[in-house]
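Beneath this line is the structure, given in structure tokens, with notes to follow.
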Number of protein chains: 2
Amino acid sequence: MSEAVDSVGDKRLKVAVLGCGSVGSQVVRLLTEQSDDLAARIGAPVDLVGVAVRRLDAPREVDLPEGLLTTDAHALVSRGDLDLVIEVIGGIEPARPLILAALANGASVVTANKALVAEDGPTLFEAAEKAGRDLFYEAAVAGAIPILRPLRESLAGDRVTRVLGIVNGTTNFILDKMDTSGAGFAEALEEAQELGYAEADPTADVEGFDAAAKAAILASLAFHTRVNAADVYREGISDVTAADVASAREMKSVVKLLAICELKNGAVSARVHPAMIPATHPLASVREAYNAVFVESEAAGQLMFYGPGAGGAPTASAVLGDLVTAARNRLSSTVGSGESAYADREVLSMGETVTRYHVGIDVEDKAGVLAAVATAFAEHGVSIQTVRQEGRGAEAQLVVVSHRATDAQLRATVEHLQEMDMVREVTSVMRVEGTNE
Amino acid sequence: MSEAVDSVGDKRLKVAVLGCGSVGSQVVRLLTEQSDDLAARIGAPVDLVGVAVRRLDAPREVDLPEGLLTTDAHALVSRGDLDLVIEVIGGIEPARPLILAALANGASVVTANKALVAEDGPTLFEAAEKAGRDLFYEAAVAGAIPILRPLRESLAGDRVTRVLGIVNGTTNFILDKMDTSGAGFAEALEEAQELGYAEADPTADVEGFDAAAKAAILASLAFHTRVNAADVYREGISDVTAADVASAREMKSVVKLLAICELKNGAVSARVHPAMIPATHPLASVREAYNAVFVESEAAGQLMFYGPGAGGAPTASAVLGDLVTAARNRLSSTVGSGESAYADREVLSMGETVTRYHVGIDVEDKAGVLAAVATAFAEHGVSIQTVRQEGRGAEAQLVVVSHRATDAQLRATVEHLQEMDMVREVTSVMRVEGTNE
């Protein structure tokens, strides 16, 4: 570490911001408007010395003092006198080399970049450790909701057993709309796009990529084990039908896209998929584009953290919370807790993960059909919790809810059902979570 | 600071626990059962070197190794080689001198003592600062729910404007029971006592003393201003009637005992009283003995933290989270952020606090009564949002909901109503919170 970087004797801290979009402009606004409060909370003033952008003449939501803007982000993070760098560009490149350069040049880094942390966190954590600097990323999961710090610090004396999160506002808005209005997926997506809750290309949200990145981060912190985005099983919501949502209602349940991280027999699983949860579960009442993370731990029991999961100002709030901690650490020449991967647990595949299925089956309306279906479940070692018969004749349908079994057993059961003569069609398959079963 | 205390070169930390009741025994259990995890998370093993109790032969929920128990708490905290002391005795004496002695002897302190922190926090914070040690107290508010750390650290870059908390499980259980069963206060209290949710002498809970201590702590942290228990306006729930709860239902609301901390025009207010909140408010669905804290801030918007607010294991989880941070700080010879009182804002009296009233009035059923009541409100500068007339003749009742006004104006209005000839009785007065009004 160079001496210039370690010197904070003049008690002013230099910060640079990479990116000035919806989050970056709010970060810059708060840094400016709340500079007195920030100085009091940190113990020293923070000077914004540069903002890296792609185009100097793009319209921005914030007024910037003359001379702060630059298109040369690499030169900015390499100037050697920065104490803190805030990365809110997003994506893998050029965010990764910029963060690595900032750390190598002695700055602590605060980032909101879930994709990068989920894909290549260890590279960043190792660079931070080598540099003796902080790398914080609270804003990467669930926007303004403080969840990473509670997991890492508040629950550090406890043993987390499960994390269930609604961590994508777009999909929660769509599913909530389908639930309250009876709309189908396409119609609800269109409304979300009109209202600005979904992008023109909604793939990252509706197919669960965004939530899977967050699940990887949550599982890593909760279980002190490296879990990356590729370890996370992922199913989106584009196949969820109005009938699925109605069927959930019949069961006094709602459909939510969940990020589920579990510890079972010493092994970790992480997955993202739509699931039915009971209407009485605290996550069921999370409406519109809100996010919430439900945590179960051995001693604390059940905790829930709720709030806005996205948006410029909420995300900026999380960024600045990290900034204050990183700045205080720079002043006292210390670092906060970095990556904790000591447990190094096995990460299970989806097939080994234990869950429950809700299966809708169009069947021939004749004697013996229920026995045949029940036998199919039994052959794969899956026990049945409830069976409900709906309609008669050509409309006859069975709705089966299983007890817990591995996803592989449940899938094999469904494939078996699809091959049976008495089964016309397996109309719906959805996992059931958040129950005491 | 003595050299013996500052030396952690052998990388083992010594911890003592004061008190071995329902929280202390769970703390000791977790320290023992999770010692490997704790060592990995802290970076050094933690050795439990003593547990101070009142009586050596009392029955305990945990097995303690021979020789750890002592009745001489003062000698334990003064032995000079402790790195960390956990205080879970509760109350003012002897907790205060023990914590001060522990700090003076070079230990960082983790406490769950809301009464002491709310009554005399500054004395403790100053002693910690002088000693260069940490004083953490996450467990003092809302049990296992991480709320103090998020307020102090996660929201450090934001501006908190309001905190609404359900921070007493006993009263929430009673009010929830009244809401779901239609029971009166006495009956619901009795059930709470039978189930162990209320003490034989329930005063501290039902009269709001416990919640007021927590409100003082929340307001201090949220607004960077010293607020102590005596600054908090306090009303309990013993006067809440089944009719009040029913009237709330009519308004699609529920009655909750709230701790309310607000920043308005640069001044702070903190109060505890029953209030009607809309059934759609996230706090309305907090059932039984659960706690939740709802935070509004400028950038983050609305956040909620939910979980068990009491109990041995949940409280122990919060204690151990603080312990891990304090232990890591001892190892790196640093301290976390201490008291932040730089803003030093004015603390308003209840009369100056702005709120809304829901008033039930038994009136003479004759022409002009509504005009007379409306005039009384107007004379005190209180504008009316809605008036509802219920019943006729001897049963005639008006239910008035005001717009926002100071509590002094609203009180004066109620006193005025009580003196009016046309008013037989003011049957119910309750504040209304959690609305967008």
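In the structure tokens, chains take the letters A, B, ... in the order shown, each chain's residues start at 1, and ligands count up from 1 in the order shown.
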Query raised in the report: What are the residues of chain B that have an atom within 6 Å of an atom of chain A, counting only C-alpha atoms, as JSON, numbers by chain?
Result: {"B": [144, 153, 154, 155, 156, 157, 158, 299, 300, 302, 303, 304, 305, 306, 307, 313, 314, 317, 320, 321]}
Report task. Once DSSP has gone over the backbone, tell me which residues of segment 179-336 of chain B are in alpha helix (DSSP H), as number ranges by chain. Result -> B: 179-181, 185-194, 203-206, 209-223, 242-250, 312-331
**Report entry** Among listed residues B:Phe377, B:Glu339, B:Ala248, B:Asn228, nearest Glu129 of chain B (using only C-alpha atoms)
**Finding:**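 Under the stated criterion, the closest residue is B:Glu339.
Here atom CA of Tyr233 of chain A is placed at a distance of 29.6 Å from atom CA of Ser181 of chain A.
For the pair atom CA of Arg356 of chain A and atom CA of Val400 of chain A, the separation is 10.4 Å.
Take the candidates A:Gly266, A:Pro97, A:Gly90, A:Gly184 and check each one against Ala139 of chain A using only C-alpha atoms; the shortest distance goes to A:Gly90.
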Query raised in the report: Which residues, written as a list in words, have at least one atom at most 9 Å from Asp344 of chain A, with only C-alpha atoms counted and residues fewer than 5 positions away on the same chain left out?
Result: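 Result of the neighbour search: Phe223, His224, Thr225 and Arg226 of chain A.
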